[in-house]
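Asker: Handing you this structure, nothing more for now.
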Amino acid sequence: MNPLIAYELGRIPRGSLAQNMYRAAYEQARLNALGSHAEIGPQPADAHALALRLVRAQYPDFSPELLA
């Protein structure tokens, strides 16, 4: 589980406060999603949507920087 999440985080660079909040929220969402008592869907897109929603609550215009 941790190598997969580390790989996915490698595609989300560190940056501004909002970008770093997004990384942290994404990591926690993926850990939850891959755990035995998941509260969100298992796909990376599910974690992305949750992290984006959380960050946009404080930074409405936030758009995450993602590497291809």
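Labels for the structure tokens follow display order: chains A, B, ..., residues from 1 in each chain, ligands from 1.
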What lies within 8 Å of range 9-22 of chain A using only C-alpha atoms, ignoring chain neighbours under 6 positions off, as an MDAnalysis selection string?

Answerer: chainID A and resid 51:52 54:55 59 62 64:68

Asker: I'd like the neighbourhood of Glu27 in chain A as a PDB file with N, CA and C atoms, in the first residue's frame, where a residue qualifies if any of its atoms comes within 9 Å (using only C-alpha atoms), though same-chain residues fewer than 3 positions away should be ignored.

Answerer:
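Writing the result to around-v4.pdb gives the following:
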```pdb
ATOM      1  N   ILE A   5       1.099   4.444  -2.831  1.00  0.00           N
ATOM      2  CA  ILE A   5       0.775   5.836  -2.487  1.00  0.00           C
ATOM      3  C   ILE A   5       1.988   6.731  -2.713  1.00  0.00           C
ATOM      4  N   ALA A   6       3.170   6.243  -2.382  1.00  0.00           N
ATOM      5  CA  ALA A   6       4.394   7.022  -2.618  1.00  0.00           C
ATOM      6  C   ALA A   6       4.575   7.292  -4.111  1.00  0.00           C
ATOM      7  N   GLU A   8       2.158   7.463  -6.358  1.00  0.00           N
ATOM      8  CA  GLU A   8       1.137   8.438  -6.744  1.00  0.00           C
ATOM      9  C   GLU A   8       1.509   9.843  -6.278  1.00  0.00           C
ATOM     10  N   LEU A   9       2.071   9.959  -5.080  1.00  0.00           N
ATOM     11  CA  LEU A   9       2.486  11.277  -4.574  1.00  0.00           C
ATOM     12  C   LEU A   9       3.647  11.841  -5.382  1.00  0.00           C
ATOM     13  N   TYR A  22      -3.214  19.834  -0.471  1.00  0.00           N
ATOM     14  CA  TYR A  22      -3.777  18.860  -1.405  1.00  0.00           C
ATOM     15  C   TYR A  22      -3.022  17.536  -1.312  1.00  0.00           C
ATOM     16  N   ARG A  23      -1.696  17.600  -1.305  1.00  0.00           N
ATOM     17  CA  ARG A  23      -0.876  16.377  -1.193  1.00  0.00           C
ATOM     18  C   ARG A  23      -1.218  15.619   0.083  1.00  0.00           C
ATOM     19  N   ALA A  24      -1.306  16.328   1.187  1.00  0.00           N
ATOM     20  CA  ALA A  24      -1.590  15.689   2.475  1.00  0.00           C
ATOM     21  C   ALA A  24      -2.995  15.077   2.486  1.00  0.00           C
ATOM     22  N   ARG A  30      -6.133   8.317   0.233  1.00  0.00           N
ATOM     23  CA  ARG A  30      -5.707   7.047  -0.366  1.00  0.00           C
ATOM     24  C   ARG A  30      -5.454   5.999   0.707  1.00  0.00           C
ATOM     25  N   LEU A  31      -4.855   6.398   1.825  1.00  0.00           N
ATOM     26  CA  LEU A  31      -4.652   5.450   2.920  1.00  0.00           C
ATOM     27  C   LEU A  31      -5.987   4.913   3.405  1.00  0.00           C
ATOM     28  N   ASN A  32      -6.969   5.791   3.516  1.00  0.00           N
ATOM     29  CA  ASN A  32      -8.299   5.357   3.925  1.00  0.00           C
ATOM     30  C   ASN A  32      -8.909   4.431   2.882  1.00  0.00           C
ATOM     31  N   ALA A  47      -9.981   9.773  -4.292  1.00  0.00           N
ATOM     32  CA  ALA A  47      -9.120  10.523  -3.370  1.00  0.00           C
ATOM     33  C   ALA A  47      -8.875  11.927  -3.904  1.00  0.00           C
ATOM     34  N   ALA A  51      -9.761  15.335  -1.855  1.00  0.00           N
ATOM     35  CA  ALA A  51      -8.689  16.285  -1.547  1.00  0.00           C
ATOM     36  C   ALA A  51      -8.983  17.647  -2.173  1.00  0.00           C
TER      37      ALA A  51
END
```

Asker: Let's see if you can do this: from backbone DSSP, list all helix (DSSP H, G or I) residues in chain A, as an mmCIF file with N, CA and C atoms, in the first residue's frame.

Answerer:
```cif
data_model
loop_
_atom_site.group_PDB
_atom_site.id
_atom_site.type_symbol
_atom_site.label_atom_id
_atom_site.label_comp_id
_atom_site.auth_asym_id
_atom_site.auth_seq_id
_atom_site.Cartn_x
_atom_site.Cartn_y
_atom_site.Cartn_z
ATOM 1 N N ASN A 2 1.847 1.340 0.893
ATOM 2 C CA ASN A 2 2.673 2.541 0.972
ATOM 3 C C ASN A 2 3.481 2.802 -0.297
ATOM 4 N N PRO A 3 4.056 1.780 -0.954
ATOM 5 C CA PRO A 3 4.766 2.063 -2.212
ATOM 6 C C PRO A 3 3.842 2.623 -3.297
ATOM 7 N N LEU A 4 2.625 2.142 -3.346
ATOM 8 C CA LEU A 4 1.671 2.644 -4.329
ATOM 9 C C LEU A 4 1.357 4.111 -4.066
ATOM 10 N N ILE A 5 1.099 4.444 -2.831
ATOM 11 C CA ILE A 5 0.775 5.836 -2.487
ATOM 12 C C ILE A 5 1.988 6.731 -2.713
ATOM 13 N N ALA A 6 3.170 6.243 -2.382
ATOM 14 C CA ALA A 6 4.394 7.022 -2.618
ATOM 15 C C ALA A 6 4.575 7.292 -4.111
ATOM 16 N N TYR A 7 4.300 6.299 -4.931
ATOM 17 C CA TYR A 7 4.381 6.480 -6.386
ATOM 18 C C TYR A 7 3.391 7.552 -6.834
ATOM 19 N N GLU A 8 2.158 7.463 -6.358
ATOM 20 C CA GLU A 8 1.137 8.438 -6.744
ATOM 21 C C GLU A 8 1.509 9.843 -6.278
ATOM 22 N N LEU A 9 2.071 9.959 -5.080
ATOM 23 C CA LEU A 9 2.486 11.277 -4.574
ATOM 24 C C LEU A 9 3.647 11.841 -5.382
ATOM 25 N N LEU A 17 1.179 26.477 -0.185
ATOM 26 C CA LEU A 17 0.463 25.939 0.969
ATOM 27 C C LEU A 17 -0.732 25.111 0.506
ATOM 28 N N ALA A 18 -1.480 25.623 -0.445
ATOM 29 C CA ALA A 18 -2.650 24.892 -0.947
ATOM 30 C C ALA A 18 -2.232 23.593 -1.631
ATOM 31 N N GLN A 19 -1.156 23.622 -2.393
ATOM 32 C CA GLN A 19 -0.667 22.408 -3.062
ATOM 33 C C GLN A 19 -0.242 21.374 -2.029
ATOM 34 N N ASN A 20 0.433 21.801 -0.989
ATOM 35 C CA ASN A 20 0.868 20.877 0.058
ATOM 36 C C ASN A 20 -0.326 20.336 0.852
ATOM 37 N N MET A 21 -1.337 21.162 1.045
ATOM 38 C CA MET A 21 -2.561 20.686 1.690
ATOM 39 C C MET A 21 -3.218 19.614 0.823
ATOM 40 N N TYR A 22 -3.214 19.834 -0.471
ATOM 41 C CA TYR A 22 -3.777 18.860 -1.405
ATOM 42 C C TYR A 22 -3.022 17.536 -1.312
ATOM 43 N N ARG A 23 -1.696 17.600 -1.305
ATOM 44 C CA ARG A 23 -0.876 16.377 -1.193
ATOM 45 C C ARG A 23 -1.218 15.619 0.083
ATOM 46 N N ALA A 24 -1.306 16.328 1.187
ATOM 47 C CA ALA A 24 -1.590 15.689 2.475
ATOM 48 C C ALA A 24 -2.995 15.077 2.486
ATOM 49 N N ALA A 25 -3.962 15.812 1.972
ATOM 50 C CA ALA A 25 -5.335 15.307 1.929
ATOM 51 C C ALA A 25 -5.435 14.104 1.006
ATOM 52 N N TYR A 26 -4.747 14.154 -0.121
ATOM 53 C CA TYR A 26 -4.756 13.037 -1.070
ATOM 54 C C TYR A 26 -4.149 11.792 -0.416
ATOM 55 N N GLU A 27 -3.010 11.978 0.249
ATOM 56 C CA GLU A 27 -2.350 10.841 0.910
ATOM 57 C C GLU A 27 -3.268 10.201 1.945
ATOM 58 N N GLN A 28 -3.905 11.003 2.776
ATOM 59 C CA GLN A 28 -4.790 10.457 3.801
ATOM 60 C C GLN A 28 -6.009 9.774 3.181
ATOM 61 N N ALA A 29 -6.530 10.360 2.127
ATOM 62 C CA ALA A 29 -7.681 9.760 1.452
ATOM 63 C C ALA A 29 -7.310 8.409 0.841
ATOM 64 N N ARG A 30 -6.133 8.317 0.233
ATOM 65 C CA ARG A 30 -5.707 7.047 -0.366
ATOM 66 C C ARG A 30 -5.454 5.999 0.707
ATOM 67 N N LEU A 31 -4.855 6.398 1.825
ATOM 68 C CA LEU A 31 -4.652 5.450 2.920
ATOM 69 C C LEU A 31 -5.987 4.913 3.405
ATOM 70 N N ASN A 32 -6.969 5.791 3.516
ATOM 71 C CA ASN A 32 -8.299 5.357 3.925
ATOM 72 C C ASN A 32 -8.909 4.431 2.882
ATOM 73 N N ALA A 33 -8.823 4.824 1.630
ATOM 74 C CA ALA A 33 -9.447 4.062 0.553
ATOM 75 C C ALA A 33 -8.882 2.655 0.429
ATOM 76 N N LEU A 34 -7.609 2.493 0.730
ATOM 77 C CA LEU A 34 -6.964 1.193 0.580
ATOM 78 C C LEU A 34 -6.985 0.375 1.870
ATOM 79 N N PRO A 44 -7.998 6.185 -7.413
ATOM 80 C CA PRO A 44 -7.294 7.449 -7.163
ATOM 81 C C PRO A 44 -8.177 8.676 -7.419
ATOM 82 N N ALA A 45 -9.082 8.584 -8.380
ATOM 83 C CA ALA A 45 -9.967 9.712 -8.673
ATOM 84 C C ALA A 45 -10.861 10.049 -7.484
ATOM 85 N N ASP A 46 -11.217 9.040 -6.691
ATOM 86 C CA ASP A 46 -12.033 9.286 -5.496
ATOM 87 C C ASP A 46 -11.250 10.115 -4.478
ATOM 88 N N ALA A 47 -9.981 9.773 -4.292
ATOM 89 C CA ALA A 47 -9.120 10.523 -3.370
ATOM 90 C C ALA A 47 -8.875 11.927 -3.904
ATOM 91 N N HIS A 48 -8.684 12.040 -5.205
ATOM 92 C CA HIS A 48 -8.476 13.347 -5.832
ATOM 93 C C HIS A 48 -9.682 14.256 -5.573
ATOM 94 N N ALA A 49 -10.866 13.732 -5.796
ATOM 95 C CA ALA A 49 -12.083 14.531 -5.611
ATOM 96 C C ALA A 49 -12.230 15.007 -4.172
ATOM 97 N N LEU A 50 -11.953 14.128 -3.218
ATOM 98 C CA LEU A 50 -12.056 14.503 -1.809
ATOM 99 C C LEU A 50 -11.009 15.551 -1.448
ATOM 100 N N ALA A 51 -9.761 15.335 -1.855
ATOM 101 C CA ALA A 51 -8.689 16.285 -1.547
ATOM 102 C C ALA A 51 -8.983 17.647 -2.173
ATOM 103 N N LEU A 52 -9.450 17.637 -3.395
ATOM 104 C CA LEU A 52 -9.765 18.888 -4.078
ATOM 105 C C LEU A 52 -10.888 19.634 -3.361
ATOM 106 N N ARG A 53 -11.908 18.917 -2.951
ATOM 107 C CA ARG A 53 -13.035 19.523 -2.230
ATOM 108 C C ARG A 53 -12.556 20.152 -0.912
ATOM 109 N N LEU A 54 -11.677 19.455 -0.200
ATOM 110 C CA LEU A 54 -11.176 19.976 1.075
ATOM 111 C C LEU A 54 -10.351 21.247 0.891
ATOM 112 N N VAL A 55 -9.463 21.243 -0.103
ATOM 113 C CA VAL A 55 -8.616 22.415 -0.319
ATOM 114 C C VAL A 55 -9.444 23.591 -0.839
ATOM 115 N N ARG A 56 -10.372 23.318 -1.732
ATOM 116 C CA ARG A 56 -11.183 24.405 -2.289
ATOM 117 C C ARG A 56 -12.119 25.035 -1.274
#
```
